[in-house]
Every structure is written in structure tokens, then in C-alpha cells.
Amino acid sequence: MADSKPNPEYTLHVYHTRYSSWGVRVALVIDYFKIPCNVKMYVLNSPEVPRPTRFTGGQLPVLEPDPKDEDFLIADSLAICEFLAEQHPHLHLWPKDFKLRALARTAAARMHSGFSVIRNTYASNFLGKYTGNVPISDAAAKEIRKMVELWSKARADTKKRLQELGEEDGGFLFGSFSIADAFFWPVLWRFRSYELPLTGISEDGLRWMAKMWNDPVMKQQARRYFEQAKDPLTVVEPYENIFKDNSDVQYCQFTENWTFDISKV
């Protein structure tokens, strides 16, 4: 028996995306591919607002595919994205080519399960801006280099494969925008927020960064993060000014008119 057709009444339960690096990945995929979905946002880490007890441990994001089946819940950002890719094959959430699809899945999985030092050291905060002598441990520096190498190699491998196929290169990590790009979107925030070094990045890697920052969908996402910031309840204090005890580091917030200038990298 064939699976039933995709339900247009999805609900995504997610913490405010200006901080939620896991939830924002799913939200971006949904927005980029125009998948009909209701988005319900929750306050993170506020004593005034309890965590949603309906979900195990209050862990989000969670996708509720069918409002008539409240017990059918999909947790974890990668699992949600895989479900959406399966339900909407015509949208090509992963690359069409089997080799590029495998490479994109590998990159997303590496981000999903790895780079723990970067994730645990540099809190995800889209608006946050740190200047001065931001501390970078040896372990963090190693992961930063690996991240930059991953982006550069992804673009090199993609260009080569698309040339073999005689297909156009959309400029994203694996050609057209895919789940893989969404998984690195909040990482780009961290590189911006903490001025993490891009030593060794290729020209194509930099062009990919510019592509991401200047894409209309990402710009719309950014406007939503600033809109969220107008509500004091959305503030997550542990993610604000994380180096406040370090006098060598200054903290402020980006303005909404910030742009990525490849010539200044």
C-alpha cells in the first residue's frame, strides 16, 4: 500500500529561532522550499515561562505532521528534514545527483554529530557581536579549520561533479540549496558573531558564504530574528555576552542593515 500524500497541516514546534541553532535549520528548510507549515514558537530558558511539557524533556524542534494524530511527533532536526525530503520528493531537499546527495548527507551528518567544541564554546545568537580578543582554544581552532576545509572541499567537489554532468552550479554547497546549507546556516552566525578566523578558505568557499548571507530567504529570516528581539521575553541571558568576565572582549549587537562584504574577509 502506498504512503498517503503529504499533509499540508504540519506544525513545527520550535524555540525562538534567533537563538535556536537546531530549530532554525528546520525553519529555514520549510521556508526555502515553501512547505506549508504552522510554526509555534516557545520561550527558551525563562523562569517566567515553563518549558513545553508535552515534548520529552522540553526538547525542540518537534514536527507534528498531522493535527488529527497528536501521538505522531518527529523530534530532532535531521530526522525532521529527512521526513520532509521523503514526503516532498519533487522539491529536491537533497541534491538530485546521487553523488552530490551522498556528499550533502555526509556534510549535514558531520555538522549534526560533530563540531561540539564550536557549538559548546560559542553560543548561538544571531544578533550577538563580539570584538576584541575572543578566546579560541586549541581544540576550537582545530574544529574551525576543519569547518573551513569542509566548506572549501564541498564547493570544489560540487563544481567538479556538476561540470562532469554538464549542469549549472547554483553556488550553494552542493549546487542548489539543500538541507546541507540549512545545517550550516547557524554556524555562519557563529563565524560572524565571534569573528572566527577563515584562514585557508577557498574563493569558492567565500562565494558560498556571500551567497548564503545575500539570499532573499536568508535575509527574510534575519528580519524575523530582529522582530523576535523586540519582545523581552525572547531574551536568553546565558546566550548574551558570554565573555562578560573577560575585559579583552567587547559585546554589542549587529544592526539590521549589516551586510557580508567578501572583499573585507
# chains A, B, ... in the order shown; residues from 1 in each chain; ligands from 1
$ select_by_dssp --residues "range 51-170 of chain A" --states "strand (DSSP E)" --output "count of residues only"
10
$ residues_around --residues "Leu173 in chain A" --least-positions-apart "2" --cutoff "9 Å" --atoms "only C-alpha atoms" --output "PyMOL selection string"
chain A and resi 104+151-152+154-155+158+170-171+175-178+180-181+205+208
$ write_last_selection --atoms "N, CA and C atoms" --output "PDB file, in the first residue's frame"
ATOM      1  N   ALA A 104      26.247  15.650   0.347  1.00  0.00           N
ATOM      2  CA  ALA A 104      25.455  16.597   1.144  1.00  0.00           C
ATOM      3  C   ALA A 104      24.991  15.944   2.442  1.00  0.00           C
ATOM      4  N   TRP A 151      33.795  23.311   3.999  1.00  0.00           N
ATOM      5  CA  TRP A 151      33.105  24.191   3.044  1.00  0.00           C
ATOM      6  C   TRP A 151      33.869  24.279   1.729  1.00  0.00           C
ATOM      7  N   SER A 152      35.186  24.438   1.824  1.00  0.00           N
ATOM      8  CA  SER A 152      36.002  24.593   0.615  1.00  0.00           C
ATOM      9  C   SER A 152      35.967  23.324  -0.230  1.00  0.00           C
ATOM     10  N   ALA A 154      33.671  20.951  -0.160  1.00  0.00           N
ATOM     11  CA  ALA A 154      32.322  20.741  -0.690  1.00  0.00           C
ATOM     12  C   ALA A 154      32.131  21.502  -1.993  1.00  0.00           C
ATOM     13  N   ARG A 155      32.565  22.744  -2.019  1.00  0.00           N
ATOM     14  CA  ARG A 155      32.402  23.552  -3.230  1.00  0.00           C
ATOM     15  C   ARG A 155      33.282  23.019  -4.365  1.00  0.00           C
ATOM     16  N   THR A 158      31.747  19.794  -5.672  1.00  0.00           N
ATOM     17  CA  THR A 158      30.491  20.088  -6.367  1.00  0.00           C
ATOM     18  C   THR A 158      30.746  20.663  -7.754  1.00  0.00           C
ATOM     19  N   GLY A 170      24.479  26.298  -8.828  1.00  0.00           N
ATOM     20  CA  GLY A 170      23.723  27.353  -8.167  1.00  0.00           C
ATOM     21  C   GLY A 170      24.505  28.126  -7.130  1.00  0.00           C
ATOM     22  N   GLY A 171      25.724  27.655  -6.812  1.00  0.00           N
ATOM     23  CA  GLY A 171      26.575  28.384  -5.877  1.00  0.00           C
ATOM     24  C   GLY A 171      26.440  27.993  -4.424  1.00  0.00           C
ATOM     25  N   GLY A 175      25.533  22.765  -5.042  1.00  0.00           N
ATOM     26  CA  GLY A 175      24.840  23.220  -6.247  1.00  0.00           C
ATOM     27  C   GLY A 175      23.633  24.057  -5.909  1.00  0.00           C
ATOM     28  N   SER A 176      22.470  23.438  -5.868  1.00  0.00           N
ATOM     29  CA  SER A 176      21.256  24.121  -5.438  1.00  0.00           C
ATOM     30  C   SER A 176      21.155  24.081  -3.918  1.00  0.00           C
ATOM     31  N   PHE A 177      20.343  24.974  -3.373  1.00  0.00           N
ATOM     32  CA  PHE A 177      20.145  24.988  -1.925  1.00  0.00           C
ATOM     33  C   PHE A 177      19.593  23.648  -1.471  1.00  0.00           C
ATOM     34  N   SER A 178      20.128  23.147  -0.353  1.00  0.00           N
ATOM     35  CA  SER A 178      19.675  21.859   0.175  1.00  0.00           C
ATOM     36  C   SER A 178      19.696  21.883   1.697  1.00  0.00           C
ATOM     37  N   ALA A 180      21.732  20.519   3.514  1.00  0.00           N
ATOM     38  CA  ALA A 180      23.101  20.725   3.969  1.00  0.00           C
ATOM     39  C   ALA A 180      23.389  22.201   4.232  1.00  0.00           C
ATOM     40  N   ASP A 181      22.963  23.077   3.337  1.00  0.00           N
ATOM     41  CA  ASP A 181      23.168  24.513   3.542  1.00  0.00           C
ATOM     42  C   ASP A 181      22.456  24.983   4.809  1.00  0.00           C
ATOM     43  N   GLY A 205      34.584  28.951  -1.401  1.00  0.00           N
ATOM     44  CA  GLY A 205      34.011  28.889  -0.063  1.00  0.00           C
ATOM     45  C   GLY A 205      33.485  30.247   0.371  1.00  0.00           C
ATOM     46  N   TRP A 208      30.339  31.054  -1.437  1.00  0.00           N
ATOM     47  CA  TRP A 208      29.198  30.372  -0.833  1.00  0.00           C
ATOM     48  C   TRP A 208      28.687  31.157   0.377  1.00  0.00           C
TER      49      TRP A 208
END
$ closest_residue --among "A:Arg18, A:Lys264, A:Lys159, A:Lys146" --to "Val43 in chain A" --atoms "only C-alpha atoms"
A:Arg18
$ closest_atom_pairs --of "range 133-192 of chain A" --to "range 108-114 of chain A" --cutoff "8 Å" --atoms "only C-alpha atoms" --output "tab-separated table"
residue	atom	partner	partner_atom	distance
A:Ile179	CA	A:Ala108	CA	7.4
A:Ala180	CA	A:Ala108	CA	5.0
A:Phe183	CA	A:Ala108	CA	6.0
A:Phe184	CA	A:Met111	CA	7.4
$ select_by_dssp --residues "range 126-259 of chain A" --states "alpha helix (DSSP H)" --output "ChimeraX atom specification"
/A:138-165,179-193,203-214,216-228
$ residues_around --residues "Pro61 in chain A" --least-positions-apart "2" --cutoff "6 Å" --atoms "only C-alpha atoms" --output "PyMOL selection string"
chain A and resi 13-14+23
$ residues_around --residues "range 75-92 of chain A" --least-positions-apart "2" --cutoff "7 Å" --atoms "only C-alpha atoms" --output "PyMOL selection string"
chain A and resi 6+22-23+25-26+33+60-63+73+94-96
$ closest_residue --among "A:Leu100, A:Leu127, A:Tyr10, A:Trp185" --to "Asp69 in chain A" --atoms "only C-alpha atoms"
A:Tyr10
$ closest_residue --among "A:Glu9, A:Glu164, A:Asp157, A:Glu256" --to "Lys68 in chain A" --atoms "only C-alpha atoms"
A:Glu9
$ closest_residue --among "A:Ala182, A:Val148, A:Tyr194, A:Ser116" --to "Val217 in chain A" --atoms "only C-alpha atoms"
A:Ala182
$ closest_residue --among "A:Leu162, A:Met147, A:Val134, A:Arg224" --to "Gly200 in chain A" --atoms "only C-alpha atoms"
A:Met147
$ atom_distance --atom1 "CA of Ala141 in chain A" --atom2 "CA of Ile118 in chain A"
8.8 Å
$ closest_residue --among "A:Glu70, A:Asp97, A:Asp231, A:Asp138" --to "Phe174 in chain A" --atoms "only C-alpha atoms"
A:Asp97
$ decode --residues "range 55-105 of chain A" --atoms "N, CA and C atoms" --output "mmCIF file, in the first residue's frame"
data_model
loop_
_atom_site.group_PDB
_atom_site.id
_atom_site.type_symbol
_atom_site.label_atom_id
_atom_site.label_comp_id
_atom_site.auth_asym_id
_atom_site.auth_seq_id
_atom_site.Cartn_x
_atom_site.Cartn_y
_atom_site.Cartn_z
ATOM 1 N N PHE A 55 6.447 17.668 25.205
ATOM 2 C CA PHE A 55 7.558 17.051 24.475
ATOM 3 C C PHE A 55 8.610 16.570 25.466
ATOM 4 N N THR A 56 9.208 15.445 25.176
ATOM 5 C CA THR A 56 10.162 14.816 26.076
ATOM 6 C C THR A 56 11.277 15.775 26.478
ATOM 7 N N GLY A 57 11.332 16.073 27.777
ATOM 8 C CA GLY A 57 12.389 16.944 28.284
ATOM 9 C C GLY A 57 12.324 18.364 27.764
ATOM 10 N N GLY A 58 11.218 18.718 27.130
ATOM 11 C CA GLY A 58 11.120 20.064 26.565
ATOM 12 C C GLY A 58 12.040 20.280 25.390
ATOM 13 N N GLN A 59 12.495 19.191 24.778
ATOM 14 C CA GLN A 59 13.446 19.296 23.674
ATOM 15 C C GLN A 59 12.719 19.627 22.377
ATOM 16 N N LEU A 60 13.166 20.678 21.727
ATOM 17 C CA LEU A 60 12.637 21.097 20.436
ATOM 18 C C LEU A 60 13.806 21.306 19.480
ATOM 19 N N PRO A 61 13.585 21.204 18.160
ATOM 20 C CA PRO A 61 12.312 21.227 17.448
ATOM 21 C C PRO A 61 11.606 19.870 17.421
ATOM 22 N N VAL A 62 10.299 19.960 17.235
ATOM 23 C CA VAL A 62 9.458 18.789 17.030
ATOM 24 C C VAL A 62 8.483 19.134 15.909
ATOM 25 N N LEU A 63 8.329 18.219 14.976
ATOM 26 C CA LEU A 63 7.353 18.397 13.908
ATOM 27 C C LEU A 63 6.132 17.535 14.208
ATOM 28 N N GLU A 64 4.971 18.158 14.154
ATOM 29 C CA GLU A 64 3.698 17.459 14.306
ATOM 30 C C GLU A 64 3.066 17.394 12.914
ATOM 31 N N PRO A 65 3.220 16.273 12.228
ATOM 32 C CA PRO A 65 2.758 16.202 10.832
ATOM 33 C C PRO A 65 1.248 16.253 10.653
ATOM 34 N N ASP A 66 0.503 15.736 11.632
ATOM 35 C CA ASP A 66 -0.949 15.614 11.444
ATOM 36 C C ASP A 66 -1.671 16.019 12.724
ATOM 37 N N PRO A 67 -2.453 17.098 12.696
ATOM 38 C CA PRO A 67 -3.154 17.541 13.910
ATOM 39 C C PRO A 67 -4.166 16.523 14.420
ATOM 40 N N LYS A 68 -4.543 15.572 13.575
ATOM 41 C CA LYS A 68 -5.507 14.547 13.986
ATOM 42 C C LYS A 68 -4.808 13.373 14.676
ATOM 43 N N ASP A 69 -3.496 13.381 14.667
ATOM 44 C CA ASP A 69 -2.725 12.291 15.292
ATOM 45 C C ASP A 69 -1.678 12.918 16.215
ATOM 46 N N GLU A 70 -2.102 13.278 17.412
ATOM 47 C CA GLU A 70 -1.232 14.002 18.338
ATOM 48 C C GLU A 70 -0.075 13.159 18.857
ATOM 49 N N ASP A 71 -0.158 11.854 18.712
ATOM 50 C CA ASP A 71 0.922 10.985 19.184
ATOM 51 C C ASP A 71 2.036 10.820 18.150
ATOM 52 N N PHE A 72 1.774 11.282 16.938
ATOM 53 C CA PHE A 72 2.792 11.180 15.881
ATOM 54 C C PHE A 72 3.625 12.455 15.878
ATOM 55 N N LEU A 73 4.779 12.390 16.532
ATOM 56 C CA LEU A 73 5.673 13.540 16.648
ATOM 57 C C LEU A 73 7.064 13.137 16.191
ATOM 58 N N ILE A 74 7.695 14.016 15.423
ATOM 59 C CA ILE A 74 9.047 13.747 14.937
ATOM 60 C C ILE A 74 10.001 14.732 15.599
ATOM 61 N N ALA A 75 10.912 14.215 16.371
ATOM 62 C CA ALA A 75 11.893 15.048 17.057
ATOM 63 C C ALA A 75 13.231 14.967 16.331
ATOM 64 N N ASP A 76 14.089 15.948 16.600
ATOM 65 C CA ASP A 76 15.442 16.021 16.046
ATOM 66 C C ASP A 76 15.428 16.650 14.646
ATOM 67 N N SER A 77 16.266 17.658 14.488
ATOM 68 C CA SER A 77 16.255 18.447 13.251
ATOM 69 C C SER A 77 16.572 17.631 12.000
ATOM 70 N N LEU A 78 17.533 16.717 12.097
ATOM 71 C CA LEU A 78 17.879 15.932 10.915
ATOM 72 C C LEU A 78 16.769 14.951 10.565
ATOM 73 N N ALA A 79 16.174 14.336 11.586
ATOM 74 C CA ALA A 79 15.067 13.411 11.332
ATOM 75 C C ALA A 79 13.885 14.144 10.699
ATOM 76 N N ILE A 80 13.612 15.354 11.157
ATOM 77 C CA ILE A 80 12.518 16.142 10.589
ATOM 78 C C ILE A 80 12.801 16.458 9.123
ATOM 79 N N CYS A 81 14.022 16.890 8.846
ATOM 80 C CA CYS A 81 14.375 17.241 7.464
ATOM 81 C C CYS A 81 14.309 16.019 6.552
ATOM 82 N N GLU A 82 14.739 14.869 7.055
ATOM 83 C CA GLU A 82 14.654 13.649 6.244
ATOM 84 C C GLU A 82 13.198 13.282 5.971
ATOM 85 N N PHE A 83 12.342 13.457 6.973
ATOM 86 C CA PHE A 83 10.915 13.193 6.779
ATOM 87 C C PHE A 83 10.346 14.112 5.701
ATOM 88 N N LEU A 84 10.683 15.391 5.771
ATOM 89 C CA LEU A 84 10.179 16.346 4.781
ATOM 90 C C LEU A 84 10.700 16.013 3.380
ATOM 91 N N ALA A 85 11.957 15.601 3.290
ATOM 92 C CA ALA A 85 12.523 15.228 1.989
ATOM 93 C C ALA A 85 11.797 14.021 1.405
ATOM 94 N N GLU A 86 11.456 13.092 2.269
ATOM 95 C CA GLU A 86 10.745 11.887 1.830
ATOM 96 C C GLU A 86 9.314 12.201 1.400
ATOM 97 N N GLN A 87 8.662 13.100 2.132
ATOM 98 C CA GLN A 87 7.274 13.442 1.843
ATOM 99 C C GLN A 87 7.122 14.367 0.632
ATOM 100 N N HIS A 88 8.187 15.096 0.308
ATOM 101 C CA HIS A 88 8.126 16.062 -0.793
ATOM 102 C C HIS A 88 9.286 15.834 -1.773
ATOM 103 N N PRO A 89 9.345 14.663 -2.382
ATOM 104 C CA PRO A 89 10.493 14.344 -3.255
ATOM 105 C C PRO A 89 10.628 15.285 -4.450
ATOM 106 N N HIS A 90 9.534 15.864 -4.890
ATOM 107 C CA HIS A 90 9.572 16.757 -6.054
ATOM 108 C C HIS A 90 10.295 18.070 -5.755
ATOM 109 N N LEU A 91 10.470 18.386 -4.459
ATOM 110 C CA LEU A 91 11.136 19.638 -4.089
ATOM 111 C C LEU A 91 12.657 19.503 -4.056
ATOM 112 N N HIS A 92 13.147 18.273 -4.019
ATOM 113 C CA HIS A 92 14.591 18.013 -4.015
ATOM 114 C C HIS A 92 15.285 18.750 -2.865
ATOM 115 N N LEU A 93 14.890 18.394 -1.647
ATOM 116 C CA LEU A 93 15.538 18.967 -0.468
ATOM 117 C C LEU A 93 16.996 18.531 -0.371
ATOM 118 N N TRP A 94 17.301 17.385 -0.967
ATOM 119 C CA TRP A 94 18.684 16.943 -1.164
ATOM 120 C C TRP A 94 19.005 17.057 -2.656
ATOM 121 N N PRO A 95 20.283 17.129 -3.034
ATOM 122 C CA PRO A 95 20.626 17.235 -4.460
ATOM 123 C C PRO A 95 20.058 16.077 -5.279
ATOM 124 N N LYS A 96 19.760 16.359 -6.537
ATOM 125 C CA LYS A 96 19.205 15.338 -7.427
ATOM 126 C C LYS A 96 20.232 14.248 -7.731
ATOM 127 N N ASP A 97 21.466 14.634 -7.963
ATOM 128 C CA ASP A 97 22.520 13.690 -8.323
ATOM 129 C C ASP A 97 22.890 12.812 -7.126
ATOM 130 N N PHE A 98 23.046 11.513 -7.356
ATOM 131 C CA PHE A 98 23.274 10.589 -6.243
ATOM 132 C C PHE A 98 24.609 10.848 -5.541
ATOM 133 N N LYS A 99 25.639 11.257 -6.290
ATOM 134 C CA LYS A 99 26.930 11.527 -5.655
ATOM 135 C C LYS A 99 26.865 12.791 -4.798
ATOM 136 N N LEU A 100 26.293 13.839 -5.357
ATOM 137 C CA LEU A 100 26.169 15.076 -4.589
ATOM 138 C C LEU A 100 25.227 14.891 -3.407
ATOM 139 N N ARG A 101 24.213 14.066 -3.583
ATOM 140 C CA ARG A 101 23.287 13.791 -2.488
ATOM 141 C C ARG A 101 24.015 13.088 -1.336
ATOM 142 N N ALA A 102 24.865 12.148 -1.672
ATOM 143 C CA ALA A 102 25.632 11.446 -0.643
ATOM 144 C C ALA A 102 26.590 12.397 0.072
ATOM 145 N N LEU A 103 27.238 13.268 -0.705
ATOM 146 C CA LEU A 103 28.170 14.233 -0.109
ATOM 147 C C LEU A 103 27.420 15.223 0.787
ATOM 148 N N ALA A 104 26.247 15.650 0.347
ATOM 149 C CA ALA A 104 25.455 16.597 1.144
ATOM 150 C C ALA A 104 24.991 15.944 2.442
ATOM 151 N N ARG A 105 24.575 14.707 2.369
ATOM 152 C CA ARG A 105 24.149 13.996 3.582
ATOM 153 C C ARG A 105 25.332 13.812 4.538
#
